[in-house]
file start-v1.pdb (PDB, C-alpha atoms)
ATOM      1  CA  MET A  24     -11.070   4.038   9.743
ATOM      2  CA  LYS A  25     -10.011   6.921  11.979
ATOM      3  CA  VAL A  26     -10.893   7.433  15.619
ATOM      4  CA  THR A  27     -10.000  11.000  16.573
ATOM      5  CA  SER A  28      -8.724  13.933  14.556
ATOM      6  CA  THR A  29      -5.473  14.265  16.535
ATOM      7  CA  VAL A  30      -4.569  10.579  16.545
ATOM      8  CA  ALA A  31      -5.541  10.178  12.897
ATOM      9  CA  ALA A  32      -3.539  13.193  11.794
ATOM     10  CA  LEU A  33      -0.406  11.793  13.431
ATOM     11  CA  ALA A  34      -1.090   8.349  11.968
ATOM     12  CA  GLY A  35      -1.542   9.862   8.524
ATOM     13  CA  LEU A  36       1.794  11.650   8.666
ATOM     14  CA  ILE A  37       3.632   8.569   9.907
ATOM     15  CA  ALA A  38       2.001   6.319   7.307
ATOM     16  CA  THR A  39       2.417   8.631   4.328
ATOM     17  CA  ALA A  40       5.216   6.588   2.737
ATOM     18  CA  ASN A  41       4.606   3.308   4.529
ATOM     19  CA  ALA A  42       1.237   2.060   3.333
ATOM     20  CA  HIS A  43       1.106   2.523  -0.421
ATOM     21  CA  ALA A  44      -0.495  -0.102  -2.651
ATOM     22  CA  THR A  45      -1.381  -1.226  -6.171
ATOM     23  CA  PHE A  46      -4.225  -3.128  -7.801
ATOM     24  CA  GLN A  47      -2.618  -6.402  -8.882
ATOM     25  CA  TYR A  48      -5.221  -9.076  -9.684
ATOM     26  CA  PHE A  49      -8.449  -9.415 -11.630
ATOM     27  CA  TRP A  50     -11.153 -11.911 -10.690
ATOM     28  CA  THR A  51     -13.171 -13.054 -13.703
ATOM     29  CA  ASN A  52     -15.597 -14.772 -11.330
ATOM     30  CA  ALA A  53     -15.820 -15.669  -7.647
ATOM     31  CA  SER A  54     -13.171 -18.400  -7.871
ATOM     32  CA  THR A  55     -10.731 -17.422 -10.628
ATOM     33  CA  SER A  56      -8.132 -14.646 -10.397
ATOM     34  CA  THR A  57      -5.179 -13.658 -12.575
ATOM     35  CA  ASN A  58      -2.517 -10.987 -12.897
ATOM     36  CA  THR A  59      -1.901 -11.554 -16.610
ATOM     37  CA  CYS A  60      -4.123  -8.717 -17.850
ATOM     38  CA  VAL A  61      -2.998  -5.906 -15.532
ATOM     39  CA  ARG A  62      -0.654  -3.103 -16.524
ATOM     40  CA  THR A  63       1.407  -3.296 -13.350
ATOM     41  CA  PRO A  64       2.707   0.065 -12.083
ATOM     42  CA  PRO A  65       6.484   0.258 -11.538
ATOM     43  CA  SER A  66       6.020   1.081  -7.843
ATOM     44  CA  ASN A  67       3.293   1.346  -5.238
ATOM     45  CA  SER A  68       3.617   5.123  -4.957
ATOM     46  CA  PRO A  69       0.609   7.389  -5.609
ATOM     47  CA  VAL A  70      -0.132   9.648  -8.563
ATOM     48  CA  GLY A  71      -1.159  13.299  -8.244
ATOM     49  CA  THR A  72      -4.572  14.571  -9.357
ATOM     50  CA  MET A  73      -3.233  16.516 -12.348
ATOM     51  CA  ASP A  74      -0.344  14.195 -13.273
ATOM     52  CA  ALA A  75      -0.030  13.034 -16.870
ATOM     53  CA  SER A  76      -0.057   9.432 -15.602
ATOM     54  CA  MET A  77      -3.522   9.746 -14.024
ATOM     55  CA  SER A  78      -5.108   7.414 -16.560
ATOM     56  CA  CYS A  79      -3.272   4.137 -15.970
ATOM     57  CA  ASN A  80      -0.396   5.106 -13.615
ATOM     58  CA  VAL A  81       3.275   5.540 -14.523
ATOM     59  CA  ASN A  82       4.104   3.754 -17.814
ATOM     60  CA  GLY A  83       0.443   2.781 -17.974
ATOM     61  CA  ASN A  84       0.091   3.538 -21.680
ATOM     62  CA  THR A  85       2.221   0.472 -22.396
ATOM     63  CA  GLY A  86       0.133  -2.677 -22.683
ATOM     64  CA  VAL A  87       0.816  -6.290 -21.769
ATOM     65  CA  ALA A  88       0.166  -9.419 -23.797
ATOM     66  CA  GLY A  89      -2.723 -10.801 -21.765
ATOM     67  CA  LYS A  90      -6.423  -9.988 -21.855
ATOM     68  CA  CYS A  91      -9.129 -11.093 -19.429
ATOM     69  CA  THR A  92     -12.376 -12.217 -21.049
ATOM     70  CA  VAL A  93     -15.582 -11.431 -19.160
ATOM     71  CA  ALA A  94     -19.258 -11.466 -20.037
ATOM     72  CA  ALA A  95     -21.340  -8.316 -19.930
ATOM     73  CA  GLY A  96     -23.508  -8.428 -16.805
ATOM     74  CA  SER A  97     -21.079 -10.656 -14.903
ATOM     75  CA  THR A  98     -19.783  -9.980 -11.395
ATOM     76  CA  VAL A  99     -16.032  -9.445 -11.204
ATOM     77  CA  SER A 100     -13.463  -8.108  -8.737
ATOM     78  CA  VAL A 101     -10.160  -6.273  -8.640
ATOM     79  CA  GLU A 102      -7.654  -6.914  -5.864
ATOM     80  CA  MET A 103      -5.230  -4.472  -4.204
ATOM     81  CA  HIS A 104      -2.225  -5.117  -1.962
ATOM     82  CA  GLN A 105       0.665  -3.134  -0.578
ATOM     83  CA  GLN A 106       3.500  -5.235  -2.012
ATOM     84  CA  PRO A 107       3.774  -7.240  -5.251
ATOM     85  CA  GLY A 108       2.731 -10.831  -4.728
ATOM     86  CA  ASP A 109       1.760 -10.348  -1.075
ATOM     87  CA  ARG A 110      -1.869 -11.446  -0.927
ATOM     88  CA  THR A 111      -1.853 -12.040   2.821
ATOM     89  CA  CYS A 112      -5.246 -11.100   4.210
ATOM     90  CA  THR A 113      -3.812 -10.207   7.612
ATOM     91  CA  THR A 114      -1.988  -7.281   5.993
ATOM     92  CA  GLU A 115      -4.303  -4.431   5.023
ATOM     93  CA  ALA A 116      -4.598  -3.960   1.271
ATOM     94  CA  ILE A 117      -3.871  -0.286   1.755
ATOM     95  CA  GLY A 118      -2.732   0.519   5.262
ATOM     96  CA  GLY A 119      -2.215   3.334   7.676
ATOM     97  CA  ASN A 120      -4.769   6.092   7.511
ATOM     98  CA  HIS A 121      -5.119   5.926   3.716
ATOM     99  CA  ASP A 122      -8.909   6.190   3.840
ATOM    100  CA  GLY A 123     -11.081   7.118   0.889
ATOM    101  CA  PRO A 124     -13.276   5.950  -1.977
ATOM    102  CA  THR A 125     -12.875   3.082  -4.424
ATOM    103  CA  ILE A 126     -13.872   3.889  -8.017
ATOM    104  CA  ILE A 127     -14.106   1.766 -11.183
ATOM    105  CA  TYR A 128     -14.042   3.125 -14.748
ATOM    106  CA  MET A 129     -14.137   1.450 -18.162
ATOM    107  CA  ALA A 130     -13.206   2.708 -21.635
ATOM    108  CA  LYS A 131     -14.071   1.143 -25.005
ATOM    109  CA  VAL A 132     -10.949   0.662 -27.133
ATOM    110  CA  SER A 133     -10.065  -1.130 -30.363
ATOM    111  CA  ASP A 134      -7.387  -3.309 -28.758
ATOM    112  CA  SER A 135      -6.976  -3.342 -24.977
ATOM    113  CA  SER A 136      -3.417  -4.689 -25.227
ATOM    114  CA  THR A 137      -2.182  -1.624 -27.110
ATOM    115  CA  ALA A 138      -4.648   1.201 -26.356
ATOM    116  CA  ALA A 139      -3.386   4.254 -24.464
ATOM    117  CA  GLY A 140      -5.392   5.149 -21.379
ATOM    118  CA  SER A 141      -4.414   8.797 -21.763
ATOM    119  CA  THR A 142      -6.514   9.109 -24.940
ATOM    120  CA  ALA A 143      -9.392   6.875 -23.827
ATOM    121  CA  SER A 144     -12.905   8.007 -22.911
ATOM    122  CA  TRP A 145     -13.671   6.690 -19.415
ATOM    123  CA  PHE A 146     -17.159   6.049 -18.020
ATOM    124  CA  LYS A 147     -17.719   5.216 -14.366
ATOM    125  CA  VAL A 148     -19.297   1.827 -13.615
ATOM    126  CA  ALA A 149     -19.029   1.602  -9.813
ATOM    127  CA  GLN A 150     -18.038   3.611  -6.758
ATOM    128  CA  SER A 151     -18.150   3.518  -2.976
ATOM    129  CA  GLY A 152     -17.085   6.213  -0.521
ATOM    130  CA  LEU A 153     -18.012   7.026   3.069
ATOM    131  CA  ILE A 154     -20.117   4.116   4.333
ATOM    132  CA  THR A 155     -20.762   4.972   8.002
ATOM    133  CA  ALA A 156     -20.018   8.137   9.963
ATOM    134  CA  ASP A 157     -20.041   8.921  13.670
ATOM    135  CA  ALA A 158     -19.309  12.631  13.736
ATOM    136  CA  THR A 159     -19.454  12.769  17.539
ATOM    137  CA  THR A 160     -16.482  10.455  17.992
ATOM    138  CA  GLN A 161     -15.020  11.170  14.532
ATOM    139  CA  THR A 162     -15.148   7.466  13.702
ATOM    140  CA  TYR A 163     -15.702   6.651  10.046
ATOM    141  CA  TYR A 164     -15.904   3.540   7.882
ATOM    142  CA  TRP A 165     -14.758   4.033   4.294
ATOM    143  CA  ALA A 166     -14.792   2.009   1.095
ATOM    144  CA  THR A 167     -11.097   1.329   1.685
ATOM    145  CA  ASP A 168     -11.987  -0.216   5.065
ATOM    146  CA  ALA A 169     -14.489  -2.489   3.314
ATOM    147  CA  MET A 170     -11.831  -3.399   0.757
ATOM    148  CA  ASN A 171      -9.340  -4.204   3.529
ATOM    149  CA  ASP A 172     -11.952  -6.357   5.241
ATOM    150  CA  ASN A 173     -12.442  -8.227   1.962
ATOM    151  CA  CYS A 174      -8.756  -9.134   1.539
ATOM    152  CA  GLY A 175      -8.160  -6.319  -0.927
ATOM    153  CA  LYS A 176     -11.075  -7.133  -3.237
ATOM    154  CA  VAL A 177     -13.533  -4.634  -4.728
ATOM    155  CA  THR A 178     -16.473  -6.392  -6.378
ATOM    156  CA  PHE A 179     -18.752  -4.905  -9.044
ATOM    157  CA  THR A 180     -20.731  -5.767 -12.164
ATOM    158  CA  ILE A 181     -19.703  -5.307 -15.793
ATOM    159  CA  PRO A 182     -22.635  -3.333 -17.288
ATOM    160  CA  SER A 183     -24.932  -5.672 -19.193
ATOM    161  CA  SER A 184     -25.869  -3.106 -21.845
ATOM    162  CA  ILE A 185     -22.425  -2.163 -23.164
ATOM    163  CA  ALA A 186     -21.304  -3.255 -26.624
ATOM    164  CA  PRO A 187     -19.035  -6.282 -26.873
ATOM    165  CA  GLY A 188     -15.357  -5.781 -27.611
ATOM    166  CA  ASP A 189     -12.173  -4.654 -25.915
ATOM    167  CA  TYR A 190     -12.103  -2.329 -22.910
ATOM    168  CA  LEU A 191      -9.614  -0.892 -20.506
ATOM    169  CA  LEU A 192     -10.774  -1.072 -16.883
ATOM    170  CA  ARG A 193      -9.375   1.490 -14.454
ATOM    171  CA  ALA A 194      -9.505   0.645 -10.723
ATOM    172  CA  GLU A 195      -8.750   3.542  -8.366
ATOM    173  CA  VAL A 196      -8.408   4.354  -4.688
ATOM    174  CA  ILE A 197      -8.187   7.983  -3.577
ATOM    175  CA  ALA A 198      -6.387   8.283  -0.230
ATOM    176  CA  LEU A 199      -7.496  11.391   1.664
ATOM    177  CA  HIS A 200      -5.123  11.412   4.655
ATOM    178  CA  VAL A 201      -3.274  14.507   3.366
ATOM    179  CA  ALA A 202      -6.035  15.861   1.107
ATOM    180  CA  GLY A 203      -6.737  18.877   3.325
ATOM    181  CA  GLY A 204      -4.246  20.892   1.253
ATOM    182  CA  SER A 205      -4.319  21.495  -2.492
ATOM    183  CA  GLY A 206      -2.688  18.640  -4.371
ATOM    184  CA  GLY A 207      -2.631  16.378  -1.326
ATOM    185  CA  ALA A 208      -5.044  13.694  -2.533
ATOM    186  CA  GLN A 209      -3.220  10.481  -3.444
ATOM    187  CA  HIS A 210      -4.460   8.368  -6.357
ATOM    188  CA  TYR A 211      -3.644   4.677  -6.624
ATOM    189  CA  MET A 212      -4.777   3.098  -9.880
ATOM    190  CA  SER A 213      -4.079   0.207 -12.214
ATOM    191  CA  CYS A 214      -5.556  -0.558 -15.624
ATOM    192  CA  PHE A 215      -6.714  -4.002 -16.724
ATOM    193  CA  GLN A 216      -7.092  -5.206 -20.317
ATOM    194  CA  LEU A 217     -10.486  -6.796 -20.959
ATOM    195  CA  THR A 218     -12.466  -8.382 -23.752
ATOM    196  CA  VAL A 219     -16.208  -8.172 -23.038
ATOM    197  CA  THR A 220     -18.551 -10.707 -24.628
ATOM    198  CA  GLY A 221     -22.318 -10.531 -25.034
ATOM    199  CA  GLY A 222     -23.947  -7.317 -23.919
ATOM    200  CA  GLY A 223     -25.914  -4.823 -25.956
ATOM    201  CA  SER A 224     -25.019  -1.824 -28.074
ATOM    202  CA  ALA A 225     -24.442   0.962 -25.539
ATOM    203  CA  ASN A 226     -21.312   3.099 -25.832
ATOM    204  CA  PRO A 227     -21.459   5.411 -22.787
ATOM    205  CA  ALA A 228     -19.971   8.885 -22.954
ATOM    206  CA  GLY A 229     -16.848   9.327 -20.888
ATOM    207  CA  VAL A 230     -14.226  11.642 -19.413
ATOM    208  CA  SER A 231     -10.462  11.986 -19.777
ATOM    209  CA  PHE A 232      -7.624  11.439 -17.299
ATOM    210  CA  PRO A 233      -6.169  13.796 -16.350
ATOM    211  CA  GLY A 234      -9.085  16.197 -16.550
ATOM    212  CA  ALA A 235     -11.944  14.339 -14.898
ATOM    213  CA  TYR A 236     -10.990  15.772 -11.487
ATOM    214  CA  SER A 237      -9.883  19.227 -10.406
ATOM    215  CA  LEU A 238      -7.801  20.222  -7.394
ATOM    216  CA  THR A 239     -10.813  22.003  -5.900
ATOM    217  CA  ASP A 240     -13.378  19.214  -6.257
ATOM    218  CA  PRO A 241     -14.975  18.592  -2.832
ATOM    219  CA  GLY A 242     -13.931  14.941  -2.981
ATOM    220  CA  ILE A 243     -10.329  15.858  -3.839
ATOM    221  CA  LEU A 244      -9.752  18.801  -1.494
ATOM    222  CA  PHE A 245     -11.102  17.270   1.717
ATOM    223  CA  ASN A 246     -10.109  17.553   5.370
ATOM    224  CA  MET A 247     -10.810  14.189   6.952
ATOM    225  CA  TYR A 248      -9.625  15.295  10.400
ATOM    226  CA  THR A 249     -12.877  17.086  11.241
ATOM    227  CA  SER A 250     -16.428  16.085  12.067
ATOM    228  CA  PHE A 251     -18.461  15.273   8.947
ATOM    229  CA  THR A 252     -21.336  13.073   7.840
ATOM    230  CA  THR A 253     -21.063  13.200   4.041
ATOM    231  CA  TYR A 254     -18.432  12.850   1.340
ATOM    232  CA  THR A 255     -18.846  13.601  -2.377
ATOM    233  CA  ILE A 256     -17.077  11.083  -4.605
ATOM    234  CA  PRO A 257     -15.328  12.970  -7.430
ATOM    235  CA  GLY A 258     -15.807  12.397 -11.130
ATOM    236  CA  PRO A 259     -18.859  11.810 -13.305
ATOM    237  CA  THR A 260     -21.999  10.007 -12.220
ATOM    238  CA  VAL A 261     -22.086   6.231 -12.465
ATOM    239  CA  TYR A 262     -23.281   4.992 -15.855
ATOM    240  CA  SER A 263     -26.926   4.038 -15.497
ATOM    241  CA  GLY A 264     -26.122   0.473 -16.482
ATOM    242  CA  GLY A 265     -23.333   0.249 -13.908
ATOM    243  CA  SER A 266     -23.313  -1.491 -10.544
ATOM    244  CA  GLY A 267     -22.831   1.284  -8.038
ATOM    245  CA  GLY A 268     -24.079   4.765  -7.319
ATOM    246  CA  THR A 269     -23.228   7.299  -4.670
ATOM    247  CA  THR A 270     -22.667   5.522  -1.378
ATOM    248  CA  THR A 271     -25.336   5.975   1.264
ATOM    249  CA  THR A 272     -23.726   7.098   4.510
ATOM    250  CA  THR A 273     -25.194   5.877   7.781
ATOM    251  CA  THR A 274     -24.771   8.422  10.563
ATOM    252  CA  LYS A 275     -24.091   7.034  14.023
ATOM    253  CA  THR A 276     -24.147   8.596  17.482
ATOM    254  CA  SER A 277     -22.509   5.820  19.497
ATOM    255  CA  THR A 278     -19.059   6.022  21.050
ATOM    256  CA  THR A 279     -17.369   2.743  20.054
ATOM    257  CA  SER A 280     -17.036   0.658  16.948
ATOM    258  CA  THR A 281     -15.662  -2.724  15.923
ATOM    259  CA  ARG A 282     -15.204  -4.505  12.621
ATOM    260  CA  THR A 283     -17.020  -7.755  12.118
ATOM    261  CA  SER A 284     -15.847 -11.261  11.384
ATOM    262  CA  SER A 285     -15.000 -12.542   7.927
ATOM    263  CA  THR A 286     -18.417 -14.077   7.340
ATOM    264  CA  THR A 287     -20.629 -11.022   7.761
ATOM    265  CA  THR A 288     -21.288  -7.683   6.106
ATOM    266  CA  THR A 289     -22.293  -5.896   9.293
ATOM    267  CA  THR A 290     -20.711  -2.905  10.975
ATOM    268  CA  THR A 291     -21.325  -3.295  14.707
ATOM    269  CA  ARG A 292     -21.585  -0.304  16.998
ATOM    270  CA  SER A 293     -22.241  -0.365  20.739
ATOM    271  CA  SER A 294     -25.689   1.131  20.334
ATOM    272  CA  SER A 295     -26.944  -0.491  17.153
ATOM    273  CA  THR A 296     -26.159  -2.717  14.168
ATOM    274  CA  THR A 297     -26.336  -1.560  10.579
ATOM    275  CA  SER A 298     -26.244  -3.844   7.539
ATOM    276  CA  ARG A 299     -24.371  -2.311   4.615
ATOM    277  CA  ALA A 300     -25.386  -2.835   1.005
ATOM    278  CA  SER A 301     -22.558  -1.163  -0.861
ATOM    279  CA  SER A 302     -22.824  -1.650  -4.606
ATOM    280  CA  THR A 303     -19.083  -1.879  -5.125
ATOM    281  CA  THR A 304     -17.624  -3.726  -2.155
ATOM    282  CA  THR A 305     -18.557  -6.687  -0.009
ATOM    283  CA  ALA A 306     -16.868  -6.430   3.377
ATOM    284  CA  SER A 307     -16.603 -10.160   3.975
ATOM    285  CA  GLY A 308     -12.854 -10.697   4.091
ATOM    286  CA  ALA A 309     -10.650 -11.615   6.996
ATOM    287  CA  THR A 310     -10.681  -9.461  10.109
ATOM    288  CA  GLN A 311      -7.868  -6.912   9.883
ATOM    289  CA  THR A 312      -5.575  -5.236  12.401
ATOM    290  CA  LEU A 313      -6.204  -1.498  12.129
ATOM    291  CA  TYR A 314      -3.377   0.649  10.803
ATOM    292  CA  GLY A 315      -1.145  -2.326   9.929
ATOM    293  CA  GLN A 316       2.004  -0.911   8.358
ATOM    294  CA  CYS A 317       4.066  -2.234   5.483
ATOM    295  CA  GLY A 318       7.020  -0.508   3.874
ATOM    296  CA  GLY A 319       6.478   1.187   0.524
ATOM    297  CA  THR A 320       8.703   0.405  -2.403
ATOM    298  CA  GLN A 321       9.235   4.076  -3.148
ATOM    299  CA  SER A 322       8.902   7.112  -0.911
ATOM    300  CA  LEU A 323       7.099  10.291  -1.849
TER     301      LEU A 323
END

call {"tool": "encode", "arguments": {"input": "start-v1.pdb", "output": "structure tokens"}}
result
Amino acid sequence: MKVTSTVAALAGLIATANAHATFQYFWTNASTSTNTCVRTPPSNSPVGTMDASMSCNVNGNTGVAGKCTVAAGSTVSVEMHQQPGDRTCTTEAIGGNHDGPTIIYMAKVSDSSTAAGSTASWFKVAQSGLITADATTQTYYWATDAMNDNCGKVTFTIPSSIAPGDYLLRAEVIALHVAGGSGGAQHYMSCFQLTVTGGGSANPAGVSFPGAYSLTDPGILFNMYTSFTTYTIPGPTVYSGGSGGTTTTTTKTSTTSTRTSSTTTTTTRSSSTTSRASSTTTASGATQTLYGQCGGTQSL
């Protein structure tokens, strides 16, 4: 969340190399999580929009032994943190001014432990972007804020209509704090190896990474240090059997904002209260300290 264009711009520059993150855990249900099916990136540094590693991050074409088994139609989560093994909810999952959307893709493959993400066909199953906007005070609440408030978790549904079998799942955050210039958008992604049971017979058409985004897409080339009320999430539309569409942005005209406690999904403003119903995140995690910093493992 940013408060004013000047303060946020300075915070973004300071935090550029100090608040990077990776997706590290997969929740097969509300109570069970594991890191055995994730292709862990070698560092928490971002990937560029046109980089060859845009599919599953650096070295992401190399699989791991584990697979996570999930049922089609089930609710699952991915979990992001700044440092490996640090799941502390008082540290923001992605810190500083690294605001932006969260996006989930899947790709049908023959064997998720060996398949290369760079040759996979990815369909989008969930997304969330700009959730609330107060253009007067330049105060915004993003999907990354909701993720931070939920202890790094992004929750979504495995489409119930897809064919059973192995899939790669690609979880992505796009940080927009330096996206006002070409090539400035920062992509943080990890791929998870899944086996989906049940389901139907659908095999959704997909896109390739790199290639799904361009440097001039309005959601990639974006100046977040201005007054705005909308944001266009890049990439294809969400598969009709997926769990999240384009985020509805609530425009506010109040002058102050606070995040809520860990047991609610309400964004409280001084003039009104708005209940959010994001399809991809549930902001019910521990209350966070804004702009909490944590050193990156590799600088830009």

call {"tool": "residues_around", "arguments": {"input": "start-v1.pdb", "residues": "Ser100 (chain A)", "least_positions_apart": "5", "cutoff": "10 Å", "atoms": "all atoms listed in the file", "output": "PyMOL selection string"}}
result
chain A and resi 48-53+55-56+175-181+194+303-304

call {"tool": "write_last_selection", "arguments": {"input": "start-v1.pdb", "atoms": "C-alpha atoms", "output": "PDB file, in the coordinates of the input"}}
result
ATOM      1  CA  TYR A  48      -5.221  -9.076  -9.684  1.00  0.00           C
ATOM      2  CA  PHE A  49      -8.449  -9.415 -11.630  1.00  0.00           C
ATOM      3  CA  TRP A  50     -11.153 -11.911 -10.690  1.00  0.00           C
ATOM      4  CA  THR A  51     -13.171 -13.054 -13.703  1.00  0.00           C
ATOM      5  CA  ASN A  52     -15.597 -14.772 -11.330  1.00  0.00           C
ATOM      6  CA  ALA A  53     -15.820 -15.669  -7.647  1.00  0.00           C
ATOM      7  CA  THR A  55     -10.731 -17.422 -10.628  1.00  0.00           C
ATOM      8  CA  SER A  56      -8.132 -14.646 -10.397  1.00  0.00           C
ATOM      9  CA  GLY A 175      -8.160  -6.319  -0.927  1.00  0.00           C
ATOM     10  CA  LYS A 176     -11.075  -7.133  -3.237  1.00  0.00           C
ATOM     11  CA  VAL A 177     -13.533  -4.634  -4.728  1.00  0.00           C
ATOM     12  CA  THR A 178     -16.473  -6.392  -6.378  1.00  0.00           C
ATOM     13  CA  PHE A 179     -18.752  -4.905  -9.044  1.00  0.00           C
ATOM     14  CA  THR A 180     -20.731  -5.767 -12.164  1.00  0.00           C
ATOM     15  CA  ILE A 181     -19.703  -5.307 -15.793  1.00  0.00           C
ATOM     16  CA  ALA A 194      -9.505   0.645 -10.723  1.00  0.00           C
ATOM     17  CA  THR A 303     -19.083  -1.879  -5.125  1.00  0.00           C
ATOM     18  CA  THR A 304     -17.624  -3.726  -2.155  1.00  0.00           C
TER      19      THR A 304
END

call {"tool": "residues_near_point", "arguments": {"input": "start-v1.pdb", "point": "(0.2, 12.9, -14.0)", "cutoff": "12 Å", "atoms": "all atoms listed in the file", "output": "list in words"}}
result
Pro69, Val70, Gly71, Thr72, Met73, Asp74, Ala75, Ser76, Met77, Ser78, Cys79, Asn80, Val81, Asn82, Gly83, Ser141, Gly206, Gln209, His210, Tyr211, Met212, Phe232, Pro233, Gly234 and Tyr236 of chain A

call {"tool": "write_last_selection", "arguments": {"input": "start-v1.pdb", "atoms": "C-alpha atoms", "output": "PDB file, keeping the file's coordinate frame"}}
result
ATOM      1  CA  PRO A  69       0.609   7.389  -5.609  1.00  0.00           C
ATOM      2  CA  VAL A  70      -0.132   9.648  -8.563  1.00  0.00           C
ATOM      3  CA  GLY A  71      -1.159  13.299  -8.244  1.00  0.00           C
ATOM      4  CA  THR A  72      -4.572  14.571  -9.357  1.00  0.00           C
ATOM      5  CA  MET A  73      -3.233  16.516 -12.348  1.00  0.00           C
ATOM      6  CA  ASP A  74      -0.344  14.195 -13.273  1.00  0.00           C
ATOM      7  CA  ALA A  75      -0.030  13.034 -16.870  1.00  0.00           C
ATOM      8  CA  SER A  76      -0.057   9.432 -15.602  1.00  0.00           C
ATOM      9  CA  MET A  77      -3.522   9.746 -14.024  1.00  0.00           C
ATOM     10  CA  SER A  78      -5.108   7.414 -16.560  1.00  0.00           C
ATOM     11  CA  CYS A  79      -3.272   4.137 -15.970  1.00  0.00           C
ATOM     12  CA  ASN A  80      -0.396   5.106 -13.615  1.00  0.00           C
ATOM     13  CA  VAL A  81       3.275   5.540 -14.523  1.00  0.00           C
ATOM     14  CA  ASN A  82       4.104   3.754 -17.814  1.00  0.00           C
ATOM     15  CA  GLY A  83       0.443   2.781 -17.974  1.00  0.00           C
ATOM     16  CA  SER A 141      -4.414   8.797 -21.763  1.00  0.00           C
ATOM     17  CA  GLY A 206      -2.688  18.640  -4.371  1.00  0.00           C
ATOM     18  CA  GLN A 209      -3.220  10.481  -3.444  1.00  0.00           C
ATOM     19  CA  HIS A 210      -4.460   8.368  -6.357  1.00  0.00           C
ATOM     20  CA  TYR A 211      -3.644   4.677  -6.624  1.00  0.00           C
ATOM     21  CA  MET A 212      -4.777   3.098  -9.880  1.00  0.00           C
ATOM     22  CA  PHE A 232      -7.624  11.439 -17.299  1.00  0.00           C
ATOM     23  CA  PRO A 233      -6.169  13.796 -16.350  1.00  0.00           C
ATOM     24  CA  GLY A 234      -9.085  16.197 -16.550  1.00  0.00           C
ATOM     25  CA  TYR A 236     -10.990  15.772 -11.487  1.00  0.00           C
TER      26      TYR A 236
END

call {"tool": "closest_residue", "arguments": {"input": "start-v1.pdb", "among": "A:Ala88, A:Ala143, A:Met247, A:Val201", "to": "Ala235 (chain A)", "atoms": "only C-alpha atoms"}}
result
A:Ala143

call {"tool": "resolve_selection", "arguments": {"input": "start-v1.pdb", "expression": "the PyMOL selection byres ((chain A and resi 136) around 8)", "output": "list in words"}}
result
Gly86, Val87, Ala88, Gly89, Lys90, Asp134, Ser135, Thr137, Ala138 and Gln216 of chain A

call {"tool": "atom_distance", "arguments": {"input": "start-v1.pdb", "atom1": "CA of Gly152 (chain A)", "atom2": "CA of Gln106 (chain A)"}}
result
23.6 Å

call {"tool": "resolve_selection", "arguments": {"input": "start-v1.pdb", "expression": "the PyMOL selection byres ((chain A and resi 246) around 12)", "output": "PyMOL selection string"}}
result
chain A and resi 28+31-32+35+122-123+198-205+207-208+241-245+247-251+253-254

call {"tool": "resolve_selection", "arguments": {"input": "start-v1.pdb", "expression": "the PyMOL selection byres ((chain A and resi 192) around 7)", "output": "list in words"}}
result
Tyr128, Met129, Ala130, Tyr190, Leu191, Arg193, Ala194, Cys214, Phe215 and Gln216 of chain A

call {"tool": "closest_residue", "arguments": {"input": "start-v1.pdb", "among": "A:Ser144, A:Ser263, A:Gly188, A:Pro182", "to": "Gly229 (chain A)", "atoms": "only C-alpha atoms"}}
result
A:Ser144

call {"tool": "atom_distance", "arguments": {"input": "start-v1.pdb", "atom1": "CA of Gln47 (chain A)", "atom2": "CA of Ala186 (chain A)"}}
result
26.0 Å

call {"tool": "atom_distance", "arguments": {"input": "start-v1.pdb", "atom1": "CA of Cys112 (chain A)", "atom2": "CA of Asn173 (chain A)"}}
result
8.1 Å
